[in-house]
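S.K.: The following block contains the structure, expressed as structure tokens.
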Amino acid sequence: MILWLCLCWGFSPSAAQPDSELMARYLEQQLLADYSIVQQVARRVPRQAKFLQRLETRPRMSEFHVRSTIISRYAFTTVSCTMVNSGSEAREAVFEMQIPAAAFISNFTMSIGNKTYYGEVTGKEKKNSTDDKERHKKPPSPTEGRENGYETFKASVFIPRKMQARFILHYEELLQRRLGKYEYTVSIRPQQLVGRLRVEVNILENSGIVSLEVPPLRNSKQKGNGKAEGDVSPPPSTVIGHTKTLAKVTFNPSVVEQTRIARNGILGDFIIRYDVSRELSVGDVQILNGYFVHYFAPTDLPPLPKNVVFVLDSSASMVGTKLKQTKEALFTILQDLRPEDHFNIIGFSNRIKVWQQDRLVPVTPNNIRDAKKYIHNMSPTGGTNINEALQTGAKLLNDYIAQNDIDARSVSLIIFLTDGRPTVGETQSSKILSNTKEAIQDKFCLFTIGIGNDVDHKLLERMALENCGMTRLFQEDEDAASHLKGFYDEIGTPLLSDIRVDYPEDDVEQVTQNFFPNYFNGSEIIIAGKLINRTSDKLHVEVTASNSKKYILLKTDVAIDLLSKNDIRGVPGLEDGRGDNNYIERAWSYLTIKELLNSRLKSDDSQEKDSLMEKAKSMALAYNFVTPFTVLKMKEAGLHSEPPQEEFISPSTDGIGEKVQSLQGHRAPPGIRRGQDKQRIKISKTSADGDPHFVIDFPSSKFSVCFNIDGEPGDILRLVSDHKESGVTVNGQLIGAPAPPNGHKKHRTYFSTITILSNKPERSYLEITPKRVILDDGERLVLSCGRSAVVRSRSLEVSISAYSNITVTIRDSISFVILIHHYKKPAPHQRNHLGFYISNSKGLSSDSHGLLGQFLNHEVKLLQESLNTSGGEVGQSQTEALKANPTSTLKVKGRLVPVVWKQRRIYNGQQEVSCWFAKNNADKLIDGSYKDYLASHPFDTGTSFGTINSL
């Protein structure tokens with residue numbers, strides 16, 4: 001018996017097969033019903049089918065099953081295939097399966113007749129590493145250069161007469177988020193019609209599944225979404241069902257349905273796209289059995305400006321379809337540039353042609369029109385001078401950054417496109433790489449695109465890796481233009497830069513990459529690691545980043561469930577007894593091996609390359625992954641062994657809920673010291689809290705005054721109004737609740753929203769509720785009150801202490817603290833609400849007004865008519881003696897206000913304040929009447945008392 005197994009780049013040609021319609025009818029009628037393999041081998045073949053059997057030159061595929069479980073973006077896939085040799089002599093059977101290039105094979109078993117073979121992952125011998133290196137340098141075959149990247153797994157065996165063979169392949173991958181969706185793809189190319197064909201995908205996402213879709217099958221020539229225009233329906237016989245966190249998708253076409261799709265048995269790619277819920281969330285930390293994985297994909301962020309240089313190959317090899325596709329894609333891309341972007345275009349062959357010399361131009365209708373003319377007039381000629389083209393692009397961008405007052409928040413990048421290898425100028429790959437890295441100097445990122453079969457994909461891949469970019473390889477086909485546009489869409493909207501994720505050094509180890517130069521809209525950053533202290537009940541996480549004008553810091557403590565083991569048993573690829581492994585640990589190992597492989601690819605030091613190779617090999621052997629440094633060798637399990645059984649995990653919600661914790665918030669720049677954002681401001685007594693109860697503190701007089709305001713639900717009260725001088729306005733909106741039983745009030749009111757407007761030196765709006773904070777300074781940012789975070793801009797700082805308070809500091813001279821009142825089990829008369837406290841008013845002018853603001857720069861005198869009939873002022877030495885007198889008097893701006901001595905609770909009821917209370921809805925205490933303090937909308941500024949000025 002001959003047995004061989006390989007991992008190769010392309011398909012082998014299909015063997016001859018009979019007429020598809022005739023075979024389909026035969027299989028449908030004779031074999032489909034109760035297609036038991038053993039029974040079928042022994043079954044008498046109907047006379048009318050003998051002719052078809054004589055035409056059959058290869059074993060028939062009776063079953064092709066794909067089962068997959070995706071748990072929190074990590075996909076376990078099992079492919080099971082059964083082939084039957086019903087002929088009178090041994091025949092060769094070839095099992096082929098296209099798998100994503102990013103996936104790792106984790107196991108393979110097969111049985112032929114009564115013998116079983118199992119795969120064992122072993123390390124490659126060092127002497128073969130050079131051969132492997134040379135073999136991978138060969139140009140990819142025509143079937144390899146696909147957008148998402150696939151490799152073909154192939155196993156070939158001879159099946160004895162009247163017997164069967166069964167193949168079971170396992171592979172794993174961590175799904176990458178692109179354009180706001182995770183895409184899981186199964187290649188269905190059995191190359192013949194199959195009696196039983198079934199694909200089953202189960203998805204478990206505790207964050208919640210949203211936008212689940214199954215597009216039509218995608219064949220090799222229909223990349224992109226692989227559907228006819230206007231056709232968005234799933235493939236025939238597809239069944240989709242899902243709840244909030246679970247989804248199950250099955251594809252089970254009959255033989256006749258297969259024939260209608262493709263008579264040659266090459267149906268195409270079965271695709272599932274979905275995303276997870278991210279309400280007010282910029283991260284998701286999951287912890288299980290000593291490992292963690294952190295998914296980071298913020299939403300509601302404005303795009304950053306771009307400085308982009310397009311470097312386009314216009315050599316003779318681009319003639320025809322490739323250049324036409326490139327031009328079509330660039331026309332669309334130019335149209336999508338934003339007004340704040342700047343750009344330039346370089347065409348290269350053996351000569352370098354720069355559209356706009358020594359500058360980047362802004363995006364204007366005229367510039368876009370002229371750029372399209374330039375691209376339209378590009379003609380293919382000459383050789384390929386990759387080195388000089390990149391040097392020119394890098395110099396152009398470096399000079400522009402150095403010589404112009406560019407927006408410090410902007411993101412600079414080069415998009416480089418070619419279809420060939422260097423033929424002019426510097427042609428040595430190592431020299432081109434070093435020249436490019438030296439020219440860029442980590443100041444911006446390089447994104448590379450290869451079109452066609454002749455491109456040096458290793459060179460493009462390494463150039464992108466060494467310069468914080470990405471690479472894509474596309475086939476030269478009718479959809480190449482849409483793929484170019486799709487790749488640009490992935491990188492065309494930068495949202496954050498300089499993202500750094502930190503965990504306490506004493507708590508974690510072996511953390512994967514935690515610094516990222518850019519975050520693009522629709523993508524996702526993933527970090528994983530091991531916990532050092534497995535007995536700890538929490539993990540501290542800090543994320544810093546820059547966005548637009550703001551520096552953002554997020555920090556939170558993620559709870560660790562120590563009681564639940566949360567083991568995932570029976571996961572494909574874990575059948576060898578390593579039951580303590582889990583999907584988070586395997587995601588960590590997957591990411592770590594990928595980073596080791598990339599680091600080795602970037603390294604020029606042979607000793608370092610060997611060290612990285614050994615680390616990657618060791619980890620791959622520990623987790624049974626087939627990598628460039630490990631191979632899958634088949635071993636016989638012994639005679640009369642049991643045929644391999646397909647093991648598969650069915651998603652279950654049991655115990656999984658405890659292991660998924662959410663991380664929500666935003667972040668700030670590297671260099672912020674830990675603890676810097678701790679509460680630094682002492683909260684004063686001057687406040688409006690509760691029903692609401694107002695307190696004004698007069699430190700120099702050593703007493704406080706308090707009053708109530710009986711407002712109506714929906715009223716918006718002007719608390720601080722200093723728009724004309726300091727540019728600051730604070731308003732509070734009331735919400736109603738029933739009054740407590742036996743009370744004298746008809747209802748209660750609380751502050752449901754506090755709005756703050758700062759108009760100097762630039763305009764910023766803040767809207768605060770018990771659930772979230774919205775900061776809008778021309779760019780909208782949404783933060784959860786349930787996660788600690790700090791956001792800093794040039795003149796404003798917002799610090800959130802989770803479920804406790806928000807501190808707003810304006811120009812370091814004005815500070816407000818907003819307390820968050822949450823009720824776990826509120827009574828009918830209670831509502832979640834806010835309290836407003838003024839902690840620093842130095843930056844407010846003497847003309848500030850509002851219910852609280854009017855007292856910040858005025859003194860109030862205490863009088864007592866019963867002891868001092870002349871109405872003389874009472875000194876503070878007499879205050880204690882006056883407290884017992886129920887009818888004292890305040891002198892406010894020449895007005896006399898009767899007051900009584902009271903005690904009030906503030907700061908969430910944690911502190912008691914003694915104050916002089918003004919009755920009758922603060923009559924005579926405040927300027928004017930209550931209605932004079934009503935604002936027309938939350939950001940009404942009211943430039944002077946009694947007037948309204950709407951912005």
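Every chain in the structure tokens has a letter given in the order shown (A, B, ...), and although residue numbers restart at 1 in each chain, ligands are simply numbered from 1 in the order shown.
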Counting only C-alpha atoms, what is within 8 Å of stretch 429-446 of chain A, bar same-chain residues fewer than 3 positions away, as a PyMOL selection string?

M.R.: chain A and resi 386-387+390-391+394-395+398+411-416+426+459+462-464+466-470

S.K.: Find the residues near A:Trp588: any atom within 9 Å, counting only C-alpha atoms, skip ones fewer than 6 places away on the same chain, and give them as a list of chain:residue names.

M.R.: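 Listed by chain and then number, they are A:Tyr291, A:Phe292, A:Val293, A:Val511, A:Thr512, A:Ile527, A:Ala528, A:Gly529, A:Lys530.
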
S.K.: Write the residues of the preceding selection, restricted to C-alpha atoms, as a short mmCIF file (atom, residue, chain, number, x, y, z; two decimals), in the first residue's frame.

M.R.:
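Result file is out.cif:
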data_model
loop_
_atom_site.label_atom_id
_atom_site.label_comp_id
_atom_site.auth_asym_id
_atom_site.auth_seq_id
_atom_site.Cartn_x
_atom_site.Cartn_y
_atom_site.Cartn_z
CA TYR A 291 -4.81 32.74 30.38
CA PHE A 292 -6.44 35.88 29.05
CA VAL A 293 -7.24 37.39 25.67
CA VAL A 511 2.11 38.88 26.73
CA THR A 512 1.83 39.18 22.96
CA ILE A 527 -3.55 40.87 22.93
CA ALA A 528 -3.16 37.65 24.91
CA GLY A 529 -1.03 36.45 27.80
CA LYS A 530 -0.60 34.25 30.85
#

S.K.: Which parts of stretch 200-264 of chain A does DSSP call strand (DSSP E or B) when run on the backbone here, written out as a list in words?

M.R.: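 Filtering stretch 200-264 of chain A down to strand (DSSP E or B) leaves Glu200, Val201, Asn202, Ile203, Leu204, Ile209, Val210, Ser211, Leu212, Glu213, Arg218, Thr238, Val239, Ile240, Gly241, His242, Leu246, Ala247, Lys248, Val249, Thr250 and Phe251 of chain A.
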
S.K.: Using only C-alpha atoms, which protein or nucleic acid residues come within 10 Å of A:Asp923? Drop anything in the same chain fewer than 5 positions from it, and give the result as a ChimeraX atom specification.

M.R.: /A:707,709,897-898,918,928-930

S.K.: Report as a PDB file with N, CA, C and O atoms, in the first residue's frame all protein, DNA and RNA residues lying within 8 Å of A:Ser317, evaluated on only C-alpha atoms, omitting residues in the same chain fewer than 5 positions from it.

M.R.:
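And here's around_23.pdb as it stands now:
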ATOM      1  N   PRO A 380       1.732  51.828 -19.654  1.00  0.00           N
ATOM      2  CA  PRO A 380       2.735  50.843 -19.237  1.00  0.00           C
ATOM      3  C   PRO A 380       3.954  50.843 -20.160  1.00  0.00           C
ATOM      4  O   PRO A 380       3.819  50.730 -21.377  1.00  0.00           O
ATOM      5  N   THR A 381       5.137  50.946 -19.562  1.00  0.00           N
ATOM      6  CA  THR A 381       6.370  50.922 -20.340  1.00  0.00           C
ATOM      7  C   THR A 381       7.548  50.717 -19.403  1.00  0.00           C
ATOM      8  O   THR A 381       7.507  51.106 -18.240  1.00  0.00           O
ATOM      9  N   ASP A 419       3.205  44.571  -9.753  1.00  0.00           N
ATOM     10  CA  ASP A 419       2.819  43.252 -10.257  1.00  0.00           C
ATOM     11  C   ASP A 419       4.032  42.383 -10.537  1.00  0.00           C
ATOM     12  O   ASP A 419       3.892  41.293 -11.084  1.00  0.00           O
ATOM     13  N   GLY A 420       5.219  42.880 -10.204  1.00  0.00           N
ATOM     14  CA  GLY A 420       6.406  42.116 -10.585  1.00  0.00           C
ATOM     15  C   GLY A 420       7.521  42.177  -9.570  1.00  0.00           C
ATOM     16  O   GLY A 420       7.340  42.598  -8.427  1.00  0.00           O
TER      17      GLY A 420
END

S.K.: Give me the residues near stretch 778-794 of chain A as a list in words, where near means some atom within 6 Å (using only C-alpha atoms) and where sequence neighbours in that chain fewer than 5 positions away do not count.

M.R.: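 Contacts, with the query itself left out: Leu280, Leu301, Pro302, Lys549, Lys550, Tyr551, Ile552, Leu553, Leu554, Lys555, Thr556, Gln664, Gly665, Lys771, Arg772, Val773, Ser799, Ile800, Ser801, Ala802 and Tyr803 of chain A.
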
S.K.: For stretch 163-178 of chain A, work out the shell of residues within 8 Å, counting only C-alpha atoms and skipping chain neighbours fewer than 2 positions away, then give it as an MDAnalysis selection string.

M.R.: chainID A and resid 37:38 41 73:86 95 102:113 159:161 180:184 490 522:524 572:573 587 590 643:644 646

S.K.: Show which residues sit within 10 Å of stretch 318-320 of chain A, as a PyMOL selection string. Count only C-alpha atoms, and ignore same-chain residues fewer than 3 positions away.

M.R.: chain A and resi 313-315+323-326+349+379-381+418-420+451-452

S.K.: Dump C-alpha atoms for the selected residues as an mmCIF file, in the first residue's frame?

M.R.:
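Wrote out30.cif, looks like this:
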data_model
loop_
_atom_site.group_PDB
_atom_site.id
_atom_site.type_symbol
_atom_site.label_atom_id
_atom_site.label_comp_id
_atom_site.auth_asym_id
_atom_site.auth_seq_id
_atom_site.Cartn_x
_atom_site.Cartn_y
_atom_site.Cartn_z
ATOM 1 C CA ASP A 313 3.720 50.317 -10.867
ATOM 2 C CA SER A 314 3.434 51.440 -14.499
ATOM 3 C CA SER A 315 5.992 49.057 -15.998
ATOM 4 C CA LEU A 323 -3.317 48.585 -15.133
ATOM 5 C CA LYS A 324 -6.959 48.988 -16.101
ATOM 6 C CA GLN A 325 -8.058 47.488 -12.775
ATOM 7 C CA THR A 326 -5.601 49.661 -10.865
ATOM 8 C CA SER A 349 8.772 51.854 -14.168
ATOM 9 C CA SER A 379 0.801 54.079 -19.828
ATOM 10 C CA PRO A 380 2.735 50.843 -19.237
ATOM 11 C CA THR A 381 6.370 50.922 -20.340
ATOM 12 C CA THR A 418 3.292 46.351 -8.084
ATOM 13 C CA ASP A 419 2.819 43.252 -10.257
ATOM 14 C CA GLY A 420 6.406 42.116 -10.585
ATOM 15 C CA ILE A 451 -1.129 41.731 -8.347
ATOM 16 C CA GLY A 452 -0.717 38.582 -10.423
#

S.K.: Could you please determine the separation between atom CA of A:Ser482 and atom CA of A:Asn377 in Å, to one decimal place?

M.R.: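 Here the two named atoms are 21.0 Å from each other.
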
S.K.: Which residue gives the smallest distance to A:Val626 among A:Glu509, A:Glu96, A:Asp269, A:Glu120, with only C-alpha atoms counted?

M.R.: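 Closest to A:Val626, using only C-alpha atoms: A:Glu120.
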
S.K.: Please, what distance in Å, to one decimal, runs between atom CA of A:Arg500 and atom CA of A:Ser589?

M.R.: 20.8 Å
